[in-house]
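J.: My structure file query20.cif, mmCIF, C-alpha atoms, is below:
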data_structure
#
loop_
_atom_site.group_PDB
_atom_site.id
_atom_site.type_symbol
_atom_site.label_atom_id
_atom_site.label_comp_id
_atom_site.auth_asym_id
_atom_site.auth_seq_id
_atom_site.Cartn_x
_atom_site.Cartn_y
_atom_site.Cartn_z
ATOM 1 C CA MET B 29 0.000 0.000 0.000
ATOM 2 C CA ASP B 30 1.364 3.445 -0.832
ATOM 3 C CA LEU B 31 0.147 6.929 0.041
ATOM 4 C CA LYS B 32 -2.095 7.183 -3.026
ATOM 5 C CA HIS B 33 -4.872 5.341 -1.204
ATOM 6 C CA LYS B 34 -8.380 6.713 -1.021
ATOM 7 C CA HIS B 35 -7.785 8.766 2.129
ATOM 8 C CA SER B 36 -5.094 10.995 0.614
ATOM 9 C CA VAL B 37 -4.962 14.315 -1.182
ATOM 10 C CA LYS B 38 -2.637 15.091 -4.100
ATOM 11 C CA LEU B 39 -0.352 18.043 -3.352
ATOM 12 C CA ASN B 40 0.642 20.682 -5.909
ATOM 13 C CA ASP B 41 4.063 19.020 -6.317
ATOM 14 C CA GLY B 42 2.579 15.609 -7.180
ATOM 15 C CA HIS B 43 3.136 13.917 -3.811
ATOM 16 C CA TYR B 44 0.234 12.561 -1.738
ATOM 17 C CA MET B 45 -0.670 13.474 1.851
ATOM 18 C CA PRO B 46 -3.036 11.337 3.982
ATOM 19 C CA VAL B 47 -5.999 13.515 4.972
ATOM 20 C CA LEU B 48 -5.908 12.426 8.623
ATOM 21 C CA GLY B 49 -2.757 12.730 10.688
ATOM 22 C CA LEU B 50 -1.575 12.156 14.245
ATOM 23 C CA GLY B 51 -0.534 15.330 16.071
ATOM 24 C CA THR B 52 2.255 14.765 18.610
ATOM 25 C CA TYR B 53 2.742 18.033 20.500
ATOM 26 C CA ALA B 54 2.586 17.788 24.274
ATOM 27 C CA THR B 55 3.497 20.071 27.159
ATOM 28 C CA ALA B 56 6.926 19.671 28.737
ATOM 29 C CA ASP B 57 5.555 17.705 31.712
ATOM 30 C CA VAL B 58 4.433 14.809 29.469
ATOM 31 C CA PRO B 59 7.187 12.179 29.091
ATOM 32 C CA LYS B 60 8.522 11.988 25.514
ATOM 33 C CA SER B 61 7.984 8.207 25.600
ATOM 34 C CA LYS B 62 4.234 8.925 25.392
ATOM 35 C CA ALA B 63 4.703 10.322 21.862
ATOM 36 C CA ALA B 64 6.479 7.105 20.858
ATOM 37 C CA GLU B 65 3.703 4.911 22.300
ATOM 38 C CA ALA B 66 1.020 7.015 20.600
ATOM 39 C CA THR B 67 2.847 6.803 17.258
ATOM 40 C CA LYS B 68 3.024 3.003 17.433
ATOM 41 C CA ILE B 69 -0.654 2.693 18.416
ATOM 42 C CA ALA B 70 -1.643 5.119 15.638
ATOM 43 C CA ILE B 71 0.280 3.199 12.972
ATOM 44 C CA ASP B 72 -1.307 -0.070 14.167
ATOM 45 C CA VAL B 73 -4.767 1.549 13.963
ATOM 46 C CA GLY B 74 -4.165 2.793 10.403
ATOM 47 C CA PHE B 75 -2.708 6.314 10.688
ATOM 48 C CA ARG B 76 -0.044 6.920 8.038
ATOM 49 C CA HIS B 77 0.494 10.650 8.559
ATOM 50 C CA ILE B 78 2.571 11.660 11.603
ATOM 51 C CA ASP B 79 3.079 15.345 12.411
ATOM 52 C CA SER B 80 5.888 16.535 14.658
ATOM 53 C CA ALA B 81 8.443 19.361 14.851
ATOM 54 C CA TYR B 82 11.911 20.185 16.118
ATOM 55 C CA PHE B 83 10.237 22.376 18.754
ATOM 56 C CA TYR B 84 8.334 19.391 20.190
ATOM 57 C CA GLN B 85 11.631 17.771 21.238
ATOM 58 C CA ASN B 86 10.215 14.280 20.642
ATOM 59 C CA GLU B 87 11.684 13.375 17.248
ATOM 60 C CA LYS B 88 14.165 10.846 18.620
ATOM 61 C CA GLU B 89 11.301 8.904 20.224
ATOM 62 C CA ILE B 90 8.972 9.236 17.220
ATOM 63 C CA GLY B 91 11.743 8.133 14.863
ATOM 64 C CA GLU B 92 12.304 5.038 17.002
ATOM 65 C CA ALA B 93 8.572 4.263 16.943
ATOM 66 C CA ILE B 94 8.351 4.600 13.141
ATOM 67 C CA ARG B 95 11.454 2.480 12.614
ATOM 68 C CA GLU B 96 10.102 -0.182 14.992
ATOM 69 C CA LYS B 97 6.883 -0.383 12.960
ATOM 70 C CA ILE B 98 8.939 -0.678 9.750
ATOM 71 C CA ALA B 99 11.138 -3.388 11.318
ATOM 72 C CA ASP B 100 8.155 -5.470 12.433
ATOM 73 C CA GLY B 101 6.654 -5.349 8.932
ATOM 74 C CA THR B 102 3.575 -3.236 9.771
ATOM 75 C CA VAL B 103 4.579 -0.516 7.280
ATOM 76 C CA LYS B 104 7.310 0.399 4.812
ATOM 77 C CA ARG B 105 8.998 3.813 4.972
ATOM 78 C CA GLU B 106 7.129 4.937 1.843
ATOM 79 C CA ASP B 107 3.788 4.200 3.545
ATOM 80 C CA ILE B 108 4.485 6.849 6.191
ATOM 81 C CA PHE B 109 4.027 10.581 5.632
ATOM 82 C CA TYR B 110 6.174 12.358 8.216
ATOM 83 C CA THR B 111 6.154 16.125 8.785
ATOM 84 C CA THR B 112 8.734 18.157 10.655
ATOM 85 C CA LYS B 113 8.931 21.930 11.115
ATOM 86 C CA LEU B 114 11.624 24.582 10.961
ATOM 87 C CA TRP B 115 11.651 26.308 14.334
ATOM 88 C CA ALA B 116 11.672 30.122 14.656
ATOM 89 C CA THR B 117 15.322 30.260 15.800
ATOM 90 C CA PHE B 118 16.483 28.740 12.473
ATOM 91 C CA LEU B 119 14.814 31.046 9.923
ATOM 92 C CA ARG B 120 18.076 32.583 8.690
ATOM 93 C CA PRO B 121 18.774 30.892 5.327
ATOM 94 C CA GLU B 122 22.144 29.444 6.347
ATOM 95 C CA LEU B 123 20.520 27.713 9.361
ATOM 96 C CA VAL B 124 17.686 25.993 7.464
ATOM 97 C CA GLN B 125 19.374 22.889 6.053
ATOM 98 C CA PRO B 126 21.432 22.218 9.223
ATOM 99 C CA ALA B 127 18.158 22.405 11.222
ATOM 100 C CA LEU B 128 16.512 19.813 8.959
ATOM 101 C CA GLU B 129 19.622 17.620 9.127
ATOM 102 C CA ARG B 130 19.444 17.827 12.912
ATOM 103 C CA SER B 131 15.842 16.558 12.839
ATOM 104 C CA LEU B 132 16.772 13.773 10.402
ATOM 105 C CA LYS B 133 19.626 12.703 12.674
ATOM 106 C CA LYS B 134 17.274 12.501 15.670
ATOM 107 C CA LEU B 135 14.712 10.589 13.617
ATOM 108 C CA GLN B 136 17.350 8.337 12.025
ATOM 109 C CA LEU B 137 15.551 8.814 8.695
ATOM 110 C CA ASP B 138 17.039 9.708 5.297
ATOM 111 C CA TYR B 139 14.277 12.147 4.388
ATOM 112 C CA VAL B 140 11.043 13.650 5.667
ATOM 113 C CA ASP B 141 7.898 13.885 3.567
ATOM 114 C CA LEU B 142 7.152 17.472 4.508
ATOM 115 C CA PHE B 143 9.261 20.293 5.950
ATOM 116 C CA ILE B 144 7.370 23.439 6.902
ATOM 117 C CA ILE B 145 8.220 26.838 8.363
ATOM 118 C CA HIS B 146 6.691 26.615 11.862
ATOM 119 C CA MET B 147 5.973 30.356 12.201
ATOM 120 C CA PRO B 148 6.557 33.344 9.922
ATOM 121 C CA PHE B 149 8.387 35.370 12.595
ATOM 122 C CA ALA B 150 11.978 34.644 13.575
ATOM 123 C CA MET B 151 13.476 34.431 17.041
ATOM 124 C CA LYS B 152 17.102 35.025 17.994
ATOM 125 C CA PRO B 153 19.288 32.213 16.582
ATOM 126 C CA GLY B 154 20.972 29.879 19.038
ATOM 127 C CA GLU B 155 20.351 26.801 21.157
ATOM 128 C CA ASP B 156 17.566 28.341 23.276
ATOM 129 C CA LEU B 157 14.192 27.213 21.935
ATOM 130 C CA ILE B 158 12.574 30.316 23.449
ATOM 131 C CA PRO B 159 15.243 33.025 23.677
ATOM 132 C CA LYS B 160 14.396 35.556 26.394
ATOM 133 C CA ASP B 161 16.130 38.637 27.780
ATOM 134 C CA ALA B 162 16.806 39.411 31.466
ATOM 135 C CA ASP B 163 13.221 40.691 31.848
ATOM 136 C CA GLY B 164 11.768 37.469 30.450
ATOM 137 C CA LYS B 165 10.777 39.080 27.131
ATOM 138 C CA PHE B 166 11.123 37.037 23.945
ATOM 139 C CA ILE B 167 14.096 38.034 21.758
ATOM 140 C CA PHE B 168 13.114 38.207 18.096
ATOM 141 C CA ASP B 169 15.043 38.399 14.847
ATOM 142 C CA ILE B 170 14.009 39.868 11.496
ATOM 143 C CA VAL B 171 14.410 37.465 8.573
ATOM 144 C CA ASP B 172 12.769 37.844 5.149
ATOM 145 C CA ILE B 173 10.501 34.782 4.802
ATOM 146 C CA CYS B 174 11.301 34.712 1.069
ATOM 147 C CA ASP B 175 14.968 34.121 1.918
ATOM 148 C CA THR B 176 13.965 31.323 4.283
ATOM 149 C CA TRP B 177 11.791 29.868 1.509
ATOM 150 C CA ASP B 178 14.762 29.814 -0.901
ATOM 151 C CA ALA B 179 16.602 27.655 1.626
ATOM 152 C CA LEU B 180 13.627 25.261 1.932
ATOM 153 C CA GLU B 181 13.580 24.879 -1.861
ATOM 154 C CA LYS B 182 17.244 23.835 -1.689
ATOM 155 C CA CYS B 183 16.376 21.193 0.947
ATOM 156 C CA LYS B 184 13.800 19.750 -1.456
ATOM 157 C CA ASP B 185 16.318 19.752 -4.297
ATOM 158 C CA ALA B 186 18.823 17.985 -2.048
ATOM 159 C CA GLY B 187 16.293 15.177 -1.425
ATOM 160 C CA LEU B 188 16.122 15.826 2.323
ATOM 161 C CA THR B 189 12.381 16.473 2.093
ATOM 162 C CA LYS B 190 9.809 15.485 -0.533
ATOM 163 C CA SER B 191 7.588 18.546 -0.056
ATOM 164 C CA ILE B 192 7.823 21.995 1.533
ATOM 165 C CA GLY B 193 5.182 24.210 3.099
ATOM 166 C CA VAL B 194 4.368 26.728 5.804
ATOM 167 C CA SER B 195 2.448 27.053 9.064
ATOM 168 C CA ASN B 196 0.685 29.946 10.819
ATOM 169 C CA PHE B 197 0.908 32.151 7.691
ATOM 170 C CA ASN B 198 -1.834 34.610 6.764
ATOM 171 C CA HIS B 199 -2.890 35.072 3.136
ATOM 172 C CA LYS B 200 -0.619 38.103 2.619
ATOM 173 C CA GLN B 201 2.392 36.133 3.831
ATOM 174 C CA LEU B 202 1.463 33.278 1.481
ATOM 175 C CA GLU B 203 1.242 35.832 -1.341
ATOM 176 C CA MET B 204 4.735 37.112 -0.514
ATOM 177 C CA ILE B 205 6.073 33.631 -1.272
ATOM 178 C CA LEU B 206 3.786 32.988 -4.259
ATOM 179 C CA ASN B 207 4.828 36.322 -5.837
ATOM 180 C CA LYS B 208 8.524 35.896 -5.052
ATOM 181 C CA PRO B 209 10.739 36.431 -8.133
ATOM 182 C CA GLY B 210 12.347 33.128 -9.140
ATOM 183 C CA LEU B 211 9.951 30.985 -7.101
ATOM 184 C CA LYS B 212 10.761 27.340 -7.812
ATOM 185 C CA TYR B 213 8.170 25.522 -5.672
ATOM 186 C CA LYS B 214 4.887 26.730 -4.198
ATOM 187 C CA PRO B 215 4.121 25.821 -0.589
ATOM 188 C CA VAL B 216 2.093 22.593 -0.675
ATOM 189 C CA CYS B 217 0.248 23.477 2.521
ATOM 190 C CA ASN B 218 -0.425 26.016 5.240
ATOM 191 C CA GLN B 219 -0.886 24.385 8.651
ATOM 192 C CA VAL B 220 -3.026 26.561 10.908
ATOM 193 C CA GLU B 221 -5.269 26.379 13.938
ATOM 194 C CA CYS B 222 -8.692 25.344 12.643
ATOM 195 C CA HIS B 223 -11.810 24.029 14.395
ATOM 196 C CA PRO B 224 -15.532 24.873 14.484
ATOM 197 C CA TYR B 225 -14.899 27.996 16.631
ATOM 198 C CA LEU B 226 -12.246 29.189 14.118
ATOM 199 C CA ASN B 227 -13.220 27.589 10.840
ATOM 200 C CA GLN B 228 -10.828 29.642 8.677
ATOM 201 C CA SER B 229 -13.351 29.779 5.807
ATOM 202 C CA LYS B 230 -11.679 32.771 4.098
ATOM 203 C CA LEU B 231 -8.164 31.383 4.420
ATOM 204 C CA LEU B 232 -9.426 27.977 3.220
ATOM 205 C CA GLU B 233 -10.997 29.575 0.150
ATOM 206 C CA PHE B 234 -7.770 31.488 -0.562
ATOM 207 C CA CYS B 235 -5.616 28.355 -0.164
ATOM 208 C CA LYS B 236 -7.892 26.296 -2.420
ATOM 209 C CA SER B 237 -7.671 29.010 -5.107
ATOM 210 C CA LYS B 238 -3.859 28.652 -5.047
ATOM 211 C CA ASP B 239 -3.825 24.821 -4.865
ATOM 212 C CA ILE B 240 -2.432 24.941 -1.329
ATOM 213 C CA VAL B 241 -3.801 22.423 1.183
ATOM 214 C CA LEU B 242 -5.016 23.777 4.497
ATOM 215 C CA VAL B 243 -3.926 21.495 7.358
ATOM 216 C CA ALA B 244 -5.803 21.909 10.655
ATOM 217 C CA TYR B 245 -4.038 21.785 14.005
ATOM 218 C CA SER B 246 -5.893 22.046 17.344
ATOM 219 C CA ALA B 247 -8.785 20.546 15.383
ATOM 220 C CA LEU B 248 -10.371 19.301 18.610
ATOM 221 C CA ALA B 249 -9.359 22.457 20.497
ATOM 222 C CA THR B 250 -8.194 20.406 23.474
ATOM 223 C CA HIS B 251 -4.800 22.128 23.579
ATOM 224 C CA LYS B 252 -4.366 23.679 27.029
ATOM 225 C CA ASP B 253 -0.686 24.674 27.205
ATOM 226 C CA PRO B 254 -0.674 27.871 29.353
ATOM 227 C CA ASN B 255 2.399 29.146 27.439
ATOM 228 C CA TRP B 256 0.417 29.454 24.223
ATOM 229 C CA VAL B 257 -3.248 29.306 25.158
ATOM 230 C CA ASP B 258 -5.450 31.615 27.228
ATOM 231 C CA LYS B 259 -6.836 29.999 30.381
ATOM 232 C CA ASP B 260 -10.461 31.137 30.094
ATOM 233 C CA ILE B 261 -11.337 29.202 26.987
ATOM 234 C CA PRO B 262 -14.530 27.500 25.870
ATOM 235 C CA ALA B 263 -14.380 23.696 25.606
ATOM 236 C CA LEU B 264 -15.277 22.820 22.008
ATOM 237 C CA LEU B 265 -16.115 19.186 22.740
ATOM 238 C CA GLU B 266 -18.779 20.273 25.228
ATOM 239 C CA GLU B 267 -20.507 22.359 22.520
ATOM 240 C CA PRO B 268 -24.234 21.336 22.552
ATOM 241 C CA ILE B 269 -24.641 21.483 18.755
ATOM 242 C CA LEU B 270 -21.682 19.134 18.226
ATOM 243 C CA ASN B 271 -23.070 16.800 20.857
ATOM 244 C CA THR B 272 -26.530 16.757 19.286
ATOM 245 C CA ILE B 273 -25.081 15.921 15.858
ATOM 246 C CA ALA B 274 -22.806 13.284 17.424
ATOM 247 C CA LYS B 275 -25.776 11.567 19.130
ATOM 248 C CA LYS B 276 -27.705 11.538 15.860
ATOM 249 C CA HIS B 277 -24.854 9.704 14.104
ATOM 250 C CA ASN B 278 -23.980 7.589 17.146
ATOM 251 C CA ARG B 279 -20.512 9.173 17.196
ATOM 252 C CA THR B 280 -18.387 11.252 19.583
ATOM 253 C CA PRO B 281 -18.212 15.071 19.327
ATOM 254 C CA GLY B 282 -14.523 14.651 18.443
ATOM 255 C CA GLN B 283 -15.336 12.399 15.498
ATOM 256 C CA VAL B 284 -17.893 14.934 14.265
ATOM 257 C CA ALA B 285 -15.352 17.790 14.535
ATOM 258 C CA LEU B 286 -12.795 15.777 12.519
ATOM 259 C CA ARG B 287 -15.361 14.689 9.917
ATOM 260 C CA TYR B 288 -16.440 18.322 9.483
ATOM 261 C CA HIS B 289 -12.924 19.238 8.318
ATOM 262 C CA LEU B 290 -12.590 16.264 6.005
ATOM 263 C CA GLN B 291 -15.833 17.181 4.225
ATOM 264 C CA ARG B 292 -14.570 20.749 3.723
ATOM 265 C CA GLY B 293 -11.399 19.505 2.011
ATOM 266 C CA VAL B 294 -9.184 20.233 5.012
ATOM 267 C CA VAL B 295 -6.414 17.834 6.069
ATOM 268 C CA VAL B 296 -6.830 17.303 9.785
ATOM 269 C CA LEU B 297 -4.431 16.467 12.620
ATOM 270 C CA ALA B 298 -5.869 14.702 15.649
ATOM 271 C CA LYS B 299 -3.660 14.831 18.730
ATOM 272 C CA SER B 300 -4.171 12.190 21.362
ATOM 273 C CA PHE B 301 -1.892 9.967 23.440
ATOM 274 C CA ASN B 302 -4.861 7.909 24.681
ATOM 275 C CA GLU B 303 -5.279 4.522 22.969
ATOM 276 C CA LYS B 304 -9.087 4.544 22.975
ATOM 277 C CA ARG B 305 -9.238 8.062 21.532
ATOM 278 C CA ILE B 306 -6.557 7.396 18.905
ATOM 279 C CA LYS B 307 -8.749 4.520 17.665
ATOM 280 C CA GLU B 308 -11.886 6.681 17.783
ATOM 281 C CA ASN B 309 -10.146 9.494 15.895
ATOM 282 C CA PHE B 310 -9.395 7.150 13.009
ATOM 283 C CA GLU B 311 -13.029 6.021 12.721
ATOM 284 C CA VAL B 312 -14.164 8.997 10.669
ATOM 285 C CA PHE B 313 -14.291 7.525 7.164
ATOM 286 C CA ASP B 314 -17.446 5.447 7.508
ATOM 287 C CA PHE B 315 -20.067 8.125 8.128
ATOM 288 C CA GLN B 316 -21.175 11.334 6.426
ATOM 289 C CA LEU B 317 -22.434 14.609 7.884
ATOM 290 C CA THR B 318 -25.527 15.972 6.138
ATOM 291 C CA PRO B 319 -25.553 19.438 4.522
ATOM 292 C CA GLU B 320 -27.692 20.537 7.492
ATOM 293 C CA ASP B 321 -25.083 19.222 9.940
ATOM 294 C CA MET B 322 -22.330 21.062 8.059
ATOM 295 C CA LYS B 323 -24.334 24.282 8.071
ATOM 296 C CA ALA B 324 -25.022 23.988 11.803
ATOM 297 C CA ILE B 325 -21.299 23.484 12.516
ATOM 298 C CA ASP B 326 -20.400 26.391 10.196
ATOM 299 C CA GLY B 327 -22.687 28.462 12.415
ATOM 300 C CA LEU B 328 -20.458 27.809 15.444
ATOM 301 C CA ASN B 329 -17.629 29.898 13.989
ATOM 302 C CA ARG B 330 -16.713 32.827 16.219
ATOM 303 C CA ASN B 331 -13.159 33.452 14.955
ATOM 304 C CA PHE B 332 -11.947 32.315 18.355
ATOM 305 C CA ARG B 333 -8.232 31.564 18.367
ATOM 306 C CA TYR B 334 -6.772 29.436 21.163
ATOM 307 C CA ALA B 335 -3.114 29.969 20.188
ATOM 308 C CA LYS B 336 -2.824 33.726 19.656
ATOM 309 C CA LEU B 337 1.017 33.814 19.838
ATOM 310 C CA LYS B 338 0.619 37.146 21.601
ATOM 311 C CA MET B 339 4.293 37.294 22.553
ATOM 312 C CA ALA B 340 5.074 38.167 18.911
ATOM 313 C CA ILE B 341 2.360 40.785 18.425
ATOM 314 C CA GLU B 342 4.932 43.572 17.882
ATOM 315 C CA HIS B 343 6.851 41.583 15.247
ATOM 316 C CA PRO B 344 6.405 42.823 11.639
ATOM 317 C CA TYR B 345 5.624 39.244 10.589
ATOM 318 C CA TYR B 346 3.056 38.624 13.337
ATOM 319 C CA PRO B 347 0.424 36.701 11.344
ATOM 320 C CA PHE B 348 -2.863 37.260 13.167
ATOM 321 C CA SER B 349 -3.422 41.008 12.748
ATOM 322 C CA GLU B 350 -4.888 40.270 9.322
ATOM 323 C CA GLU B 351 -8.484 39.052 9.075
ATOM 324 C CA TYR B 352 -7.208 35.821 7.459
#
Using C-alpha cells, write down the structure that the file contains.
T.:
Amino acid sequence: MDLKHKHSVKLNDGHYMPVLGLGTYATADVPKSKAAEATKIAIDVGFRHIDSAYFYQNEKEIGEAIREKIADGTVKREDIFYTTKLWATFLRPELVQPALERSLKKLQLDYVDLFIIHMPFAMKPGEDLIPKDADGKFIFDIVDICDTWDALEKCKDAGLTKSIGVSNFNHKQLEMILNKPGLKYKPVCNQVECHPYLNQSKLLEFCKSKDIVLVAYSALATHKDPNWVDKDIPALLEEPILNTIAKKHNRTPGQVALRYHLQRGVVVLAKSFNEKRIKENFEVFDFQLTPEDMKAIDGLNRNFRYAKLKMAIEHPYYPFSEEY
C-alpha cells in the first residue's frame, strides 16, 4: 500500500498526503515516551500521517517508533508521511538545512515527507528554543521569509524532504512567497489552527484558489498549554450542537469535529496519546455529515483563536493582525 490510497490528497508538487494525521505536540511535563507509544498505536490503527516538529523535542522517540513499525513489517517507509517543522530560531537561510539535518539525525531517517516553516516570525538564533532577555521578554530576529523559503527549496532539491510548506501564515504572507521572483516551488500546505470555533473559511478559500492544502491543528481544540493558550477558553467538545449531531450519528463530538474538516477539504491532525481516543479518531471515514449538519457546525464559527502567539504581536511578521 502506498500513500495514493483513497484517504489521501494530491499536493501541488505531485506527492500525496493522507488527509488524517496524528498530532504529537505535548506540554513539557508529558514524558517523551508517550509520543512514541502514541505513534506506534496510531500506525497499528491505520494512521499513516505523523506530524511533529523540532520544537516538540520528541523526534528521537517518534523516529524510534516509526522504525520499529517498519522493522516489524507493519509498514514500509514509503507508507508513512512524516512532517517536521523549521523552528523560529532557524529562519536565517544558512541555518535551514542544518536544522533539517538535525531533525533527520534525531529521527534516524534519510528524508522527511514534509518540511514546513513553523511560524513566519523569527526568534534570535541559538540553542535556546525560546530566547528571552533578562526581563523574560522574547528576543526576536528579522528574517525575510522569502529568503527562508529559498533555503527550503534547496532542501527539497537535495532530497532531504519530498515537499515543503508553511504554518501559521496569513494570506498576505502566502502571497509574498507565491509572488517571489524566481519561485521554484509553491508551498504545498499552510498548517493553521482550525476548528468549528475558528473555521478559517476565508483562508481555506484562498488556499484552495492557489492549490495549497489547508492542514488543521488544534482541530479538537483540546490544547491547554498555558504558554500558548489563554486559560479562560470555551471547551469545544462540550458544545451542545456538536453533541446533538454526534448523538444523531452515534458518534463522539470529536469524530464529528474531525469529519467536518474532512468534508470541507481540510487535512486534519488529531492529537491524542490515549489509545481509545486514537482509535476513535481514526473512525471517521465510515459516516457522512448531512448538509444541514455542516451548516449547523459552520454556524459555530466565532473566529476564536486558542493559540494567539501574543508574545510576537509587535513583530512585523506577526500573522494574526490580518483578518485571514
J.: Apply the PyMOL selection byres ((chain B and resi 40) around 9) to the structure shown and report the selected residues as a PyMOL selection string.
T.: chain B and resi 38-39+41-43+213-217+239-241
J.: Would you mind exporting C-alpha atoms of the selected residues as a PDB file, keeping the file's coordinate frame?
T.:
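For reference, again-v9.pdb as written:
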ATOM      1  CA  LYS B  38      -2.637  15.091  -4.100  1.00  0.00           C
ATOM      2  CA  LEU B  39      -0.352  18.043  -3.352  1.00  0.00           C
ATOM      3  CA  ASP B  41       4.063  19.020  -6.317  1.00  0.00           C
ATOM      4  CA  GLY B  42       2.579  15.609  -7.180  1.00  0.00           C
ATOM      5  CA  HIS B  43       3.136  13.917  -3.811  1.00  0.00           C
ATOM      6  CA  TYR B 213       8.170  25.522  -5.672  1.00  0.00           C
ATOM      7  CA  LYS B 214       4.887  26.730  -4.198  1.00  0.00           C
ATOM      8  CA  PRO B 215       4.121  25.821  -0.589  1.00  0.00           C
ATOM      9  CA  VAL B 216       2.093  22.593  -0.675  1.00  0.00           C
ATOM     10  CA  CYS B 217       0.248  23.477   2.521  1.00  0.00           C
ATOM     11  CA  ASP B 239      -3.825  24.821  -4.865  1.00  0.00           C
ATOM     12  CA  ILE B 240      -2.432  24.941  -1.329  1.00  0.00           C
ATOM     13  CA  VAL B 241      -3.801  22.423   1.183  1.00  0.00           C
TER      14      VAL B 241
END
J.: Apply the PyMOL selection byres ((chain B and resi 145) around 6) to the structure shown and report the selected residues as a list in words.
T.: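 When the PyMOL selection byres ((chain B and resi 145) around 6) is applied, the selected residues are Lys113, Leu114, Ile144, His146, Met147, Val194 and Ser195 of chain B.
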J.: Find the spatial neighbours of region 219-229 of chain B, counting only C-alpha atoms, within a cut-off of 7 Å - ignore same-chain residues fewer than 4 positions away - and output them as a ChimeraX atom specification.
T.: /B:194-196,233,242-249,325-326,328-333
J.: Those residues you just picked out, can you put them in a file as a short mmCIF file (atom, residue, chain, number, x, y, z; two decimals), keeping the file's coordinate frame with C-alpha atoms?
T.:
data_model
loop_
_atom_site.label_atom_id
_atom_site.label_comp_id
_atom_site.auth_asym_id
_atom_site.auth_seq_id
_atom_site.Cartn_x
_atom_site.Cartn_y
_atom_site.Cartn_z
CA VAL B 194 4.37 26.73 5.80
CA SER B 195 2.45 27.05 9.06
CA ASN B 196 0.68 29.95 10.82
CA GLU B 233 -11.00 29.58 0.15
CA LEU B 242 -5.02 23.78 4.50
CA VAL B 243 -3.93 21.50 7.36
CA ALA B 244 -5.80 21.91 10.66
CA TYR B 245 -4.04 21.78 14.00
CA SER B 246 -5.89 22.05 17.34
CA ALA B 247 -8.78 20.55 15.38
CA LEU B 248 -10.37 19.30 18.61
CA ALA B 249 -9.36 22.46 20.50
CA ILE B 325 -21.30 23.48 12.52
CA ASP B 326 -20.40 26.39 10.20
CA LEU B 328 -20.46 27.81 15.44
CA ASN B 329 -17.63 29.90 13.99
CA ARG B 330 -16.71 32.83 16.22
CA ASN B 331 -13.16 33.45 14.96
CA PHE B 332 -11.95 32.32 18.36
CA ARG B 333 -8.23 31.56 18.37
#
J.: Run the PyMOL selection byres ((chain B and resi 282) around 10) against the file shown and list the residues it catches, as an MDAnalysis selection string.
T.: chainID B and resid 247:250 264:266 270:271 274 279:281 283:288 298 305 308:309 312
J.: Any chance you could work out the axis-aligned box around region 125-134 of chain B, listed atoms only, 3 Å on each side, giving centre and edge lengths in Å to one decimal, as lines of an AutoDock Vina configuration file?
T.:
center_x = 18.6
center_y = 17.7
center_z = 10.9
size_x = 11.6
size_y = 16.4
size_z = 15.6
J.: Identify which of the residues B:Leu211, B:Ala63, B:Leu232, B:Ile170 lies closest to Asn198 (chain B), counting all atoms listed in the file when measuring atom-to-atom distances.
T.: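 Looking only at the distances to Asn198 (chain B), the closest residue turns out to be B:Leu232.
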J.: Can you work out the spacing between CA of Gly91 (chain B) and CA of Gln136 (chain B) in Å, to one decimal?
T.: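 Computing the Euclidean distance for CA of Gly91 (chain B) and CA of Gln136 (chain B) yields 6.3 Å.
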